[in-house]
Structure formats: C-alpha cells, structure tokens
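Peer 1: Quick one, final-v4.pdb (PDB, C-alpha atoms):
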ATOM      1  CA  MET A 154     -33.249 -29.962 -42.036
ATOM      2  CA  THR A 155     -34.573 -29.205 -38.563
ATOM      3  CA  PHE A 156     -32.552 -29.328 -35.352
ATOM      4  CA  THR A 157     -34.329 -32.530 -34.279
ATOM      5  CA  GLU A 158     -33.735 -34.198 -37.652
ATOM      6  CA  TYR A 159     -30.049 -33.259 -37.601
ATOM      7  CA  MET A 160     -29.617 -34.592 -34.069
ATOM      8  CA  ARG A 161     -31.377 -37.831 -34.984
ATOM      9  CA  GLU A 162     -29.357 -38.363 -38.156
ATOM     10  CA  LYS A 163     -25.977 -37.704 -36.529
ATOM     11  CA  LYS A 164     -26.884 -39.784 -33.477
ATOM     12  CA  GLN A 165     -27.792 -42.740 -35.698
ATOM     13  CA  GLN A 166     -24.448 -42.454 -37.522
ATOM     14  CA  ILE A 167     -22.531 -42.317 -34.247
ATOM     15  CA  ASP A 168     -24.501 -45.141 -32.606
ATOM     16  CA  MET A 169     -24.019 -47.374 -35.638
ATOM     17  CA  HIS A 170     -20.275 -46.805 -35.679
ATOM     18  CA  LEU A 171     -19.913 -47.225 -31.910
ATOM     19  CA  SER A 172     -21.689 -50.584 -32.138
ATOM     20  CA  THR A 173     -18.954 -51.904 -34.455
ATOM     21  CA  LEU A 174     -16.000 -50.993 -32.269
ATOM     22  CA  LEU A 175     -15.645 -52.928 -29.026
ATOM     23  CA  HIS A 176     -15.480 -56.676 -29.641
ATOM     24  CA  THR A 177     -13.008 -59.334 -28.520
ATOM     25  CA  ASP A 178     -12.162 -62.876 -29.535
ATOM     26  CA  ILE A 179     -10.583 -63.574 -26.142
ATOM     27  CA  PRO A 180     -13.193 -65.246 -23.881
ATOM     28  CA  GLN A 181     -11.389 -64.171 -20.720
ATOM     29  CA  PHE A 182     -11.888 -60.505 -21.697
ATOM     30  CA  SER A 183     -15.574 -60.827 -22.591
ATOM     31  CA  THR A 184     -16.965 -59.491 -19.300
ATOM     32  CA  LEU A 185     -14.814 -56.370 -19.565
ATOM     33  CA  TYR A 186     -16.007 -55.726 -23.105
ATOM     34  CA  LYS A 187     -19.632 -56.297 -22.074
ATOM     35  CA  ALA A 188     -19.203 -53.743 -19.302
ATOM     36  CA  MET A 189     -17.637 -51.212 -21.678
ATOM     37  CA  ASN A 190     -20.408 -51.651 -24.233
ATOM     38  CA  TYR A 191     -23.079 -51.606 -21.526
ATOM     39  CA  SER A 192     -22.355 -47.959 -20.768
ATOM     40  CA  LEU A 193     -21.182 -46.892 -24.229
ATOM     41  CA  MET A 194     -24.366 -48.167 -25.889
ATOM     42  CA  ALA A 195     -26.783 -47.201 -23.096
ATOM     43  CA  GLY A 196     -28.217 -44.332 -25.121
ATOM     44  CA  GLY A 197     -27.502 -40.712 -24.428
ATOM     45  CA  LYS A 198     -27.839 -37.695 -26.677
ATOM     46  CA  ARG A 199     -24.298 -37.913 -28.141
ATOM     47  CA  ILE A 200     -23.987 -34.132 -27.861
ATOM     48  CA  ARG A 201     -20.175 -34.093 -27.690
ATOM     49  CA  PRO A 202     -19.492 -36.043 -30.893
ATOM     50  CA  ILE A 203     -22.325 -34.245 -32.681
ATOM     51  CA  LEU A 204     -20.837 -30.928 -31.559
ATOM     52  CA  LEU A 205     -17.505 -31.851 -33.164
ATOM     53  CA  LEU A 206     -19.139 -32.753 -36.481
ATOM     54  CA  ALA A 207     -21.470 -29.740 -36.472
ATOM     55  CA  THR A 208     -18.642 -27.284 -35.743
ATOM     56  CA  ILE A 209     -16.591 -28.650 -38.634
ATOM     57  CA  GLU A 210     -19.614 -28.113 -40.879
ATOM     58  CA  ALA A 211     -20.200 -24.615 -39.465
ATOM     59  CA  LEU A 212     -16.667 -23.804 -40.649
ATOM     60  CA  GLY A 213     -17.557 -24.946 -44.165
ATOM     61  CA  LYS A 214     -15.802 -28.318 -44.187
ATOM     62  CA  ASP A 215     -17.010 -31.912 -44.600
ATOM     63  CA  SER A 216     -17.370 -33.718 -41.259
ATOM     64  CA  ALA A 217     -17.731 -37.239 -42.689
ATOM     65  CA  PRO A 218     -14.020 -38.180 -42.434
ATOM     66  CA  TYR A 219     -14.000 -37.530 -38.676
ATOM     67  CA  LEU A 220     -16.632 -39.949 -37.383
ATOM     68  CA  GLU A 221     -13.967 -42.047 -35.642
ATOM     69  CA  LEU A 222     -12.687 -39.003 -33.792
ATOM     70  CA  ALA A 223     -16.233 -38.089 -32.773
ATOM     71  CA  CYS A 224     -16.684 -41.585 -31.338
ATOM     72  CA  ALA A 225     -13.477 -41.167 -29.335
ATOM     73  CA  LEU A 226     -15.104 -38.205 -27.582
ATOM     74  CA  GLU A 227     -18.084 -40.352 -26.670
ATOM     75  CA  CYS A 228     -15.799 -43.060 -25.256
ATOM     76  CA  VAL A 229     -14.227 -40.497 -22.912
ATOM     77  CA  HIS A 230     -17.635 -39.173 -21.901
ATOM     78  CA  SER A 231     -18.912 -42.689 -21.149
ATOM     79  CA  TYR A 232     -15.810 -43.473 -19.095
ATOM     80  CA  SER A 233     -16.374 -40.345 -17.024
ATOM     81  CA  LEU A 234     -19.979 -41.340 -16.301
ATOM     82  CA  ILE A 235     -18.975 -44.842 -15.161
ATOM     83  CA  HIS A 236     -16.430 -43.435 -12.722
ATOM     84  CA  ASP A 237     -18.704 -40.579 -11.633
ATOM     85  CA  ASP A 238     -21.378 -43.082 -10.588
ATOM     86  CA  LEU A 239     -19.025 -45.195  -8.454
ATOM     87  CA  PRO A 240     -19.632 -45.549  -4.695
ATOM     88  CA  ALA A 241     -16.464 -43.544  -3.995
ATOM     89  CA  MET A 242     -17.735 -40.701  -6.197
ATOM     90  CA  ASP A 243     -21.460 -39.877  -6.514
ATOM     91  CA  ASN A 244     -22.655 -43.373  -5.543
ATOM     92  CA  ASP A 245     -25.508 -43.381  -8.072
ATOM     93  CA  GLU A 246     -27.421 -46.542  -8.904
ATOM     94  CA  LEU A 247     -29.296 -45.331 -11.983
ATOM     95  CA  ARG A 248     -28.004 -43.836 -15.239
ATOM     96  CA  ARG A 249     -30.065 -43.280 -18.393
ATOM     97  CA  GLY A 250     -32.874 -45.293 -16.857
ATOM     98  CA  LYS A 251     -30.691 -48.369 -16.265
ATOM     99  CA  PRO A 252     -28.690 -49.665 -13.294
ATOM    100  CA  THR A 253     -25.252 -48.083 -13.262
ATOM    101  CA  ASN A 254     -22.234 -50.039 -14.429
ATOM    102  CA  HIS A 255     -20.917 -50.979 -10.987
ATOM    103  CA  VAL A 256     -24.380 -52.194  -9.925
ATOM    104  CA  VAL A 257     -24.439 -54.656 -12.847
ATOM    105  CA  PHE A 258     -20.787 -55.691 -13.135
ATOM    106  CA  GLY A 259     -19.271 -54.887  -9.754
ATOM    107  CA  GLU A 260     -17.086 -51.996  -8.726
ATOM    108  CA  GLY A 261     -13.784 -53.479  -9.899
ATOM    109  CA  THR A 262     -15.004 -54.265 -13.403
ATOM    110  CA  ALA A 263     -16.701 -50.865 -13.649
ATOM    111  CA  ILE A 264     -13.402 -49.130 -12.862
ATOM    112  CA  LEU A 265     -11.641 -51.192 -15.504
ATOM    113  CA  ALA A 266     -14.432 -50.550 -18.034
ATOM    114  CA  GLY A 267     -13.906 -46.823 -17.537
ATOM    115  CA  ASP A 268     -10.143 -47.237 -17.865
ATOM    116  CA  GLY A 269     -10.660 -49.265 -21.022
ATOM    117  CA  LEU A 270     -12.908 -46.672 -22.653
ATOM    118  CA  LEU A 271     -10.502 -43.844 -21.851
ATOM    119  CA  THR A 272      -7.453 -45.549 -23.313
ATOM    120  CA  TYR A 273      -9.401 -46.965 -26.271
ATOM    121  CA  ALA A 274     -10.400 -43.395 -27.174
ATOM    122  CA  PHE A 275      -6.750 -42.615 -27.897
ATOM    123  CA  GLU A 276      -6.450 -45.729 -30.043
ATOM    124  CA  LEU A 277      -9.418 -44.476 -32.070
ATOM    125  CA  MET A 278      -7.786 -41.068 -32.452
ATOM    126  CA  ALA A 279      -4.454 -42.518 -33.501
ATOM    127  CA  ARG A 280      -6.000 -44.559 -36.293
ATOM    128  CA  GLN A 281      -8.062 -41.647 -37.638
ATOM    129  CA  PRO A 282      -6.634 -40.752 -41.067
ATOM    130  CA  ILE A 283      -5.468 -37.250 -40.174
ATOM    131  CA  ALA A 284      -2.292 -35.619 -41.472
ATOM    132  CA  PRO A 285       0.517 -35.991 -38.885
ATOM    133  CA  GLU A 286       0.866 -32.222 -38.499
ATOM    134  CA  LYS A 287      -2.768 -32.106 -37.335
ATOM    135  CA  LEU A 288      -2.971 -35.427 -35.483
ATOM    136  CA  ALA A 289      -0.370 -34.565 -32.836
ATOM    137  CA  PRO A 290      -2.054 -31.258 -31.854
ATOM    138  CA  CYS A 291      -5.438 -33.021 -31.818
ATOM    139  CA  ILE A 292      -4.162 -35.677 -29.411
ATOM    140  CA  ALA A 293      -2.608 -32.962 -27.231
ATOM    141  CA  VAL A 294      -5.915 -31.044 -27.048
ATOM    142  CA  PHE A 295      -7.825 -34.229 -26.287
ATOM    143  CA  ALA A 296      -5.413 -35.449 -23.589
ATOM    144  CA  HIS A 297      -5.257 -32.038 -21.901
ATOM    145  CA  ALA A 298      -9.060 -31.818 -21.762
ATOM    146  CA  ALA A 299      -9.485 -35.330 -20.350
ATOM    147  CA  GLY A 300      -6.564 -35.208 -17.921
ATOM    148  CA  PRO A 301      -5.592 -33.636 -14.591
ATOM    149  CA  ALA A 302      -5.653 -30.093 -15.980
ATOM    150  CA  GLY A 303      -9.168 -30.701 -17.300
ATOM    151  CA  MET A 304     -11.892 -33.198 -16.528
ATOM    152  CA  VAL A 305     -10.012 -35.287 -13.952
ATOM    153  CA  GLY A 306      -8.976 -32.133 -12.146
ATOM    154  CA  GLY A 307     -12.594 -30.990 -12.175
ATOM    155  CA  GLN A 308     -13.727 -34.307 -10.727
ATOM    156  CA  ALA A 309     -11.128 -34.027  -7.948
ATOM    157  CA  PHE A 310     -12.257 -30.471  -7.177
ATOM    158  CA  ASP A 311     -15.859 -31.725  -7.142
ATOM    159  CA  LEU A 312     -14.994 -34.290  -4.466
ATOM    160  CA  GLU A 313     -13.168 -31.694  -2.372
ATOM    161  CA  SER A 314     -16.088 -29.266  -2.698
ATOM    162  CA  GLU A 315     -18.710 -31.592  -1.238
ATOM    163  CA  GLY A 316     -20.289 -29.899   1.750
ATOM    164  CA  ASN A 317     -18.688 -26.568   0.844
ATOM    165  CA  LEU A 318     -21.259 -24.096  -0.448
ATOM    166  CA  HIS A 319     -18.841 -21.188  -0.042
ATOM    167  CA  ILE A 320     -16.637 -21.757  -3.078
ATOM    168  CA  GLY A 321     -18.372 -18.786  -4.730
ATOM    169  CA  LYS A 322     -19.207 -18.093  -8.347
ATOM    170  CA  ARG A 323     -15.588 -18.228  -9.548
ATOM    171  CA  GLY A 324     -14.998 -21.554  -7.824
ATOM    172  CA  LEU A 325     -18.215 -22.921  -9.263
ATOM    173  CA  GLU A 326     -17.260 -21.771 -12.766
ATOM    174  CA  LEU A 327     -13.838 -23.424 -12.429
ATOM    175  CA  LEU A 328     -15.462 -26.617 -11.177
ATOM    176  CA  HIS A 329     -17.914 -26.945 -14.032
ATOM    177  CA  GLN A 330     -15.661 -25.632 -16.794
ATOM    178  CA  SER A 331     -13.166 -28.320 -15.798
ATOM    179  CA  LYS A 332     -15.527 -31.189 -15.127
ATOM    180  CA  THR A 333     -18.195 -30.691 -17.794
ATOM    181  CA  GLY A 334     -17.410 -27.789 -20.100
ATOM    182  CA  VAL A 335     -13.895 -28.903 -20.941
ATOM    183  CA  ILE A 336     -14.995 -31.817 -23.152
ATOM    184  CA  PHE A 337     -17.467 -29.577 -24.999
ATOM    185  CA  LYS A 338     -14.629 -27.127 -25.572
ATOM    186  CA  ALA A 339     -12.324 -29.935 -26.690
ATOM    187  CA  ALA A 340     -14.860 -30.969 -29.339
ATOM    188  CA  ILE A 341     -14.936 -27.390 -30.631
ATOM    189  CA  ASP A 342     -11.149 -26.941 -30.435
ATOM    190  CA  LEU A 343     -10.627 -30.187 -32.364
ATOM    191  CA  ALA A 344     -13.084 -29.029 -35.019
ATOM    192  CA  ALA A 345     -11.255 -25.710 -35.328
ATOM    193  CA  LEU A 346      -7.962 -27.545 -35.856
ATOM    194  CA  LEU A 347      -9.376 -29.947 -38.412
ATOM    195  CA  ALA A 348     -11.268 -27.258 -40.350
ATOM    196  CA  ASP A 349      -8.329 -24.808 -40.386
ATOM    197  CA  ALA A 350     -10.221 -22.089 -38.533
ATOM    198  CA  ASN A 351      -8.581 -18.666 -38.575
ATOM    199  CA  GLU A 352      -7.834 -16.700 -35.403
ATOM    200  CA  THR A 353     -11.069 -14.714 -35.534
ATOM    201  CA  GLU A 354     -13.107 -17.885 -35.906
ATOM    202  CA  LYS A 355     -11.216 -19.518 -33.039
ATOM    203  CA  GLN A 356     -11.984 -16.581 -30.753
ATOM    204  CA  MET A 357     -15.672 -16.745 -31.653
ATOM    205  CA  LEU A 358     -15.765 -20.478 -31.027
ATOM    206  CA  ASP A 359     -13.882 -20.139 -27.722
ATOM    207  CA  ALA A 360     -16.500 -17.697 -26.433
ATOM    208  CA  TYR A 361     -19.267 -19.947 -27.710
ATOM    209  CA  ALA A 362     -17.746 -23.043 -26.072
ATOM    210  CA  VAL A 363     -17.444 -21.426 -22.628
ATOM    211  CA  ASN A 364     -20.992 -20.088 -22.634
ATOM    212  CA  MET A 365     -22.551 -23.153 -24.227
ATOM    213  CA  GLY A 366     -20.901 -25.387 -21.616
ATOM    214  CA  LEU A 367     -22.097 -23.051 -18.876
ATOM    215  CA  THR A 368     -25.650 -23.177 -20.232
ATOM    216  CA  PHE A 369     -25.545 -26.970 -20.224
ATOM    217  CA  GLN A 370     -24.215 -27.209 -16.680
ATOM    218  CA  ILE A 371     -26.647 -24.734 -15.158
ATOM    219  CA  THR A 372     -29.608 -26.487 -16.777
ATOM    220  CA  ASP A 373     -28.184 -29.806 -15.539
ATOM    221  CA  ASP A 374     -28.141 -28.393 -12.003
ATOM    222  CA  ILE A 375     -31.726 -27.203 -12.464
ATOM    223  CA  LEU A 376     -32.880 -30.611 -13.720
ATOM    224  CA  ASP A 377     -31.380 -32.249 -10.634
ATOM    225  CA  VAL A 378     -33.933 -30.259  -8.636
ATOM    226  CA  ILE A 379     -37.038 -30.115 -10.830
ATOM    227  CA  GLY A 380     -36.465 -32.887 -13.388
ATOM    228  CA  ASP A 381     -38.632 -35.961 -13.814
ATOM    229  CA  GLU A 382     -36.636 -39.065 -12.840
ATOM    230  CA  ALA A 383     -38.536 -41.146 -15.409
ATOM    231  CA  VAL A 384     -37.482 -38.697 -18.140
ATOM    232  CA  ILE A 385     -33.889 -37.912 -17.165
ATOM    233  CA  GLY A 386     -33.140 -41.549 -16.318
ATOM    234  CA  LYS A 387     -31.365 -40.903 -13.023
ATOM    235  CA  PRO A 388     -32.380 -39.899  -9.498
ATOM    236  CA  VAL A 389     -33.198 -36.252  -8.873
ATOM    237  CA  GLY A 390     -31.904 -34.530  -5.770
ATOM    238  CA  SER A 391     -28.522 -36.272  -5.820
ATOM    239  CA  ASP A 392     -26.638 -32.950  -5.687
ATOM    240  CA  GLU A 393     -28.369 -31.990  -2.446
ATOM    241  CA  LYS A 394     -27.913 -35.514  -1.074
ATOM    242  CA  ASN A 395     -24.171 -35.306  -1.709
ATOM    243  CA  ASP A 396     -23.886 -31.683  -0.479
ATOM    244  CA  LYS A 397     -22.607 -30.600  -3.886
ATOM    245  CA  ALA A 398     -21.983 -26.998  -4.830
ATOM    246  CA  THR A 399     -24.209 -26.194  -7.822
ATOM    247  CA  TYR A 400     -25.753 -23.106  -9.372
ATOM    248  CA  VAL A 401     -28.986 -23.929  -7.566
ATOM    249  CA  THR A 402     -27.541 -24.764  -4.125
ATOM    250  CA  ILE A 403     -25.249 -21.698  -4.094
ATOM    251  CA  PHE A 404     -27.636 -19.219  -5.668
ATOM    252  CA  SER A 405     -31.293 -20.155  -6.176
ATOM    253  CA  LEU A 406     -33.478 -21.873  -8.734
ATOM    254  CA  GLU A 407     -34.700 -18.551 -10.114
ATOM    255  CA  GLU A 408     -31.211 -17.067 -10.278
ATOM    256  CA  ALA A 409     -29.855 -20.211 -11.948
ATOM    257  CA  ARG A 410     -32.513 -19.911 -14.637
ATOM    258  CA  ARG A 411     -31.556 -16.287 -15.223
ATOM    259  CA  MET A 412     -27.861 -17.161 -15.462
ATOM    260  CA  ALA A 413     -28.578 -19.961 -17.938
ATOM    261  CA  LYS A 414     -30.484 -17.600 -20.227
ATOM    262  CA  GLU A 415     -27.694 -15.037 -20.026
ATOM    263  CA  ALA A 416     -25.008 -17.602 -20.887
ATOM    264  CA  ALA A 417     -27.103 -18.958 -23.770
ATOM    265  CA  GLN A 418     -27.501 -15.495 -25.279
ATOM    266  CA  GLN A 419     -23.774 -14.825 -25.001
ATOM    267  CA  ALA A 420     -23.064 -18.117 -26.776
ATOM    268  CA  ILE A 421     -25.473 -17.267 -29.588
ATOM    269  CA  ASP A 422     -24.049 -13.753 -29.938
ATOM    270  CA  ALA A 423     -20.484 -15.115 -30.116
ATOM    271  CA  ILE A 424     -21.115 -17.104 -33.305
ATOM    272  CA  ALA A 425     -23.465 -14.641 -34.991
ATOM    273  CA  PRO A 426     -20.729 -13.600 -37.509
ATOM    274  CA  LEU A 427     -20.581 -17.199 -38.787
ATOM    275  CA  GLY A 428     -24.086 -16.737 -40.191
ATOM    276  CA  GLU A 429     -26.457 -19.512 -41.172
ATOM    277  CA  GLN A 430     -23.674 -22.096 -41.470
ATOM    278  CA  ALA A 431     -23.663 -22.133 -37.665
ATOM    279  CA  TRP A 432     -27.433 -22.636 -37.353
ATOM    280  CA  PHE A 433     -27.089 -25.924 -35.481
ATOM    281  CA  LEU A 434     -24.683 -24.464 -32.906
ATOM    282  CA  ARG A 435     -27.157 -21.659 -32.268
ATOM    283  CA  ASP A 436     -30.130 -24.012 -31.998
ATOM    284  CA  LEU A 437     -28.182 -26.368 -29.728
ATOM    285  CA  VAL A 438     -27.874 -23.659 -27.086
ATOM    286  CA  SER A 439     -31.574 -22.855 -27.341
ATOM    287  CA  TYR A 440     -32.342 -26.552 -26.931
ATOM    288  CA  MET A 441     -30.221 -26.725 -23.786
ATOM    289  CA  LEU A 442     -32.390 -24.091 -22.133
ATOM    290  CA  VAL A 443     -35.573 -26.141 -22.553
ATOM    291  CA  ARG A 444     -34.258 -29.712 -22.405
ATOM    292  CA  THR A 445     -35.953 -32.097 -20.000
ATOM    293  CA  LYS A 446     -33.171 -34.712 -19.845
TER     294      LYS A 446
END
Using the file provided, produce a representation of the structure as structure tokens.
Peer 2:
Amino acid sequence: MTFTEYMREKKQQIDMHLSTLLHTDIPQFSTLYKAMNYSLMAGGKRIRPILLLATIEALGKDSAPYLELACALECVHSYSLIHDDLPAMDNDELRRGKPTNHVVFGEGTAILAGDGLLTYAFELMARQPIAPEKLAPCIAVFAHAAGPAGMVGGQAFDLESEGNLHIGKRGLELLHQSKTGVIFKAAIDLAALLADANETEKQMLDAYAVNMGLTFQITDDILDVIGDEAVIGKPVGSDEKNDKATYVTIFSLEEARRMAKEAAQQAIDAIAPLGEQAWFLRDLVSYMLVRTK
C-alpha cells in the first residue's frame, strides 16, 4: 500500500465514524450540533487520528479497536481551529475553503461549538473499551496535551507574542511545541501506551514526535507566505498581518526551509530502528516537507 492509499483509507474510516457521532433529538440544541458538525466534517487531512493508528501499527499491534480514540483527537483539533479563528484570536474568515464557524453561526455559538467538541472528546475516550489500567493514563496524557500546560498554554503564549519578533528560537520552539506539536505528540504517546511500547521504543517515538511536529509547523509557516489560498483553503499572509512570530518572520524563508529539512531528517533517523513497520511514519515526514496545504 502506498502512502497516499493509506492516508485515503484511514481518512475514509475516520470520516465515516465521525459522521455517526454528533446528533441530537432535542430541537433546541440543533443549532449547536450543526455548528459542531460544520467544523468537524469540513474536511481536513485527519493527520492526528491517522498518526495514532499508524503508530500503533508501527509497534506491531492492531489499530482497529482504537478508532473512537482517534476520533477524539480530531474533535480536540477541530475545537482548537474554531477558537483559533475567532475575532479575539486570529480573526480569520476562511478555513478549509469555507467561511469560518463564527462567520456562519455567530461568535457565541462558535465558542460553544468549540467547548462542545472539547468536552465530547473526553466522552469518546471514556467509552472506548480500554482496560482501566490503561484508560486512566490515556485520559491524563490527553488532558495534559489539550490543557493549560499544552495547547491552551501555547495559544495564550501565541497571543502574548503578537508583535514580538524577539522571542528567539527557544521561545518559538516552546510556542509551536505547545500549540501545534503537543497534539501530535499526544497521539504518539497514546499509541505507545496502548501498544505497550518499551522504554527504547518510547524514546525513539519521543524524538520522532518532537521533530515531526517541528517539520509540520515550519512548513505551515512557509505555506502562510508562499501557499496558494485556493489550495490551502485559508488566507495567506495572516501571520504577517497579525504580527505573529514564526520561523519565516524571525529567520527567513530560506532558513525556514533548511530547518524543516533538518527536523524531518532527525525525525526519520529517530525511528530507523523500528524498520519497515514504521514506513508510514517515515513517509509522513517526507510528505510534510512537500505538502501544499
């Protein structure tokens, strides 16, 4: 199976399951559920849930029982995008080629849709048939990654860093590891827990997660400068408009490209001992370097 075929197959599985989840028989709640589904089912590559499933398989275990958990990751990701697009945050009006949630449903409903997706993700996790001795650590990993010590903290730091291009490389790494990379790492950490990874495997995957997330973020910063709006489905140049610190605004386009290639190679090298079972993880990093959206 090729990388593209694997991505397509897993994405179809995830999309199909997501489409069955959020429904209500209470008419007064229907607008909220429409808003939640509007963003959840708006497309996207589903990289985070696919990463969870692929890592479990790279460790030699069956990923099929964990589709619900994978969908929980996507709920958290979708919530973060809704809130990120809000007028008080990035104030974006286009996401995945469609008007953003608050443009369609209003700011109040968009906030609640994000809140709903975040809390529903934990409901999905809790009903996943996982042994109690694994479920509690999984929920702890997930909550830590999504919370103030992880993604929410990264979003707060992002707001505080607007207009400040002097946070330096370490500040930039903290910003993006918290805001973006932390959910990638959570997917990998959850997979390691579920697949009973040993300490050596965990160390390999930790190094992979950091460098894979860095590769993704740097290329995201690059696409905000040189991407095609019709392809990426959102306005380009928003980082500059919002005076955001990025790998391009702090360094340069050429240096950002060099750093992305370096991080990608370090990610690939980290999982080399896993052999061909980790082929998708390796190819995912290579894909990130050349992605156009």
Peer 1: Restricting the calculation to all atoms listed in the file: of A:Ser172, A:Ser233, A:Glu415, A:Ala339, which residue gets closest to A:Leu204?
Peer 2: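 When distances to A:Leu204 are compared using all atoms listed in the file, the smallest one comes from A:Ala339.
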Peer 1: Mind telling me what the PyMOL selection byres ((chain A and resi 305) around 12) catches here, as a PyMOL selection string?
Peer 2: chain A and resi 229-230+232-234+236-237+271+296-304+306-312+328-333+335-336
Peer 1: Please produce a file of those selected residues containing C-alpha atoms, as a PDB file, keeping the file's coordinate frame.
Peer 2:
ATOM      1  CA  VAL A 229     -14.227 -40.497 -22.912  1.00  0.00           C
ATOM      2  CA  HIS A 230     -17.635 -39.173 -21.901  1.00  0.00           C
ATOM      3  CA  TYR A 232     -15.810 -43.473 -19.095  1.00  0.00           C
ATOM      4  CA  SER A 233     -16.374 -40.345 -17.024  1.00  0.00           C
ATOM      5  CA  LEU A 234     -19.979 -41.340 -16.301  1.00  0.00           C
ATOM      6  CA  HIS A 236     -16.430 -43.435 -12.722  1.00  0.00           C
ATOM      7  CA  ASP A 237     -18.704 -40.579 -11.633  1.00  0.00           C
ATOM      8  CA  LEU A 271     -10.502 -43.844 -21.851  1.00  0.00           C
ATOM      9  CA  ALA A 296      -5.413 -35.449 -23.589  1.00  0.00           C
ATOM     10  CA  HIS A 297      -5.257 -32.038 -21.901  1.00  0.00           C
ATOM     11  CA  ALA A 298      -9.060 -31.818 -21.762  1.00  0.00           C
ATOM     12  CA  ALA A 299      -9.485 -35.330 -20.350  1.00  0.00           C
ATOM     13  CA  GLY A 300      -6.564 -35.208 -17.921  1.00  0.00           C
ATOM     14  CA  PRO A 301      -5.592 -33.636 -14.591  1.00  0.00           C
ATOM     15  CA  ALA A 302      -5.653 -30.093 -15.980  1.00  0.00           C
ATOM     16  CA  GLY A 303      -9.168 -30.701 -17.300  1.00  0.00           C
ATOM     17  CA  MET A 304     -11.892 -33.198 -16.528  1.00  0.00           C
ATOM     18  CA  GLY A 306      -8.976 -32.133 -12.146  1.00  0.00           C
ATOM     19  CA  GLY A 307     -12.594 -30.990 -12.175  1.00  0.00           C
ATOM     20  CA  GLN A 308     -13.727 -34.307 -10.727  1.00  0.00           C
ATOM     21  CA  ALA A 309     -11.128 -34.027  -7.948  1.00  0.00           C
ATOM     22  CA  PHE A 310     -12.257 -30.471  -7.177  1.00  0.00           C
ATOM     23  CA  ASP A 311     -15.859 -31.725  -7.142  1.00  0.00           C
ATOM     24  CA  LEU A 312     -14.994 -34.290  -4.466  1.00  0.00           C
ATOM     25  CA  LEU A 328     -15.462 -26.617 -11.177  1.00  0.00           C
ATOM     26  CA  HIS A 329     -17.914 -26.945 -14.032  1.00  0.00           C
ATOM     27  CA  GLN A 330     -15.661 -25.632 -16.794  1.00  0.00           C
ATOM     28  CA  SER A 331     -13.166 -28.320 -15.798  1.00  0.00           C
ATOM     29  CA  LYS A 332     -15.527 -31.189 -15.127  1.00  0.00           C
ATOM     30  CA  THR A 333     -18.195 -30.691 -17.794  1.00  0.00           C
ATOM     31  CA  VAL A 335     -13.895 -28.903 -20.941  1.00  0.00           C
ATOM     32  CA  ILE A 336     -14.995 -31.817 -23.152  1.00  0.00           C
TER      33      ILE A 336
END
Peer 1: So, with all atoms listed in the file as the atoms that count, which of A:Ala266, A:Ile209, A:Leu437, A:Met154 lies closest to A:Tyr186?
Peer 2: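 Closest candidate: A:Ala266.
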Peer 1: Give as a PyMOL selection string the residues that the PyMOL selection byres ((chain A and resi 441) around 10) matches when applied to the coordinates above.
Peer 2: chain A and resi 365-366+368-373+413-414+417+436-440+442-446
Peer 1: Hey, what comes out of the PyMOL selection byres ((chain A and resi 340) around 8) on this file? Could you write it as a PyMOL selection string?
Peer 2: chain A and resi 201-202+204-205+226+336-339+341-344
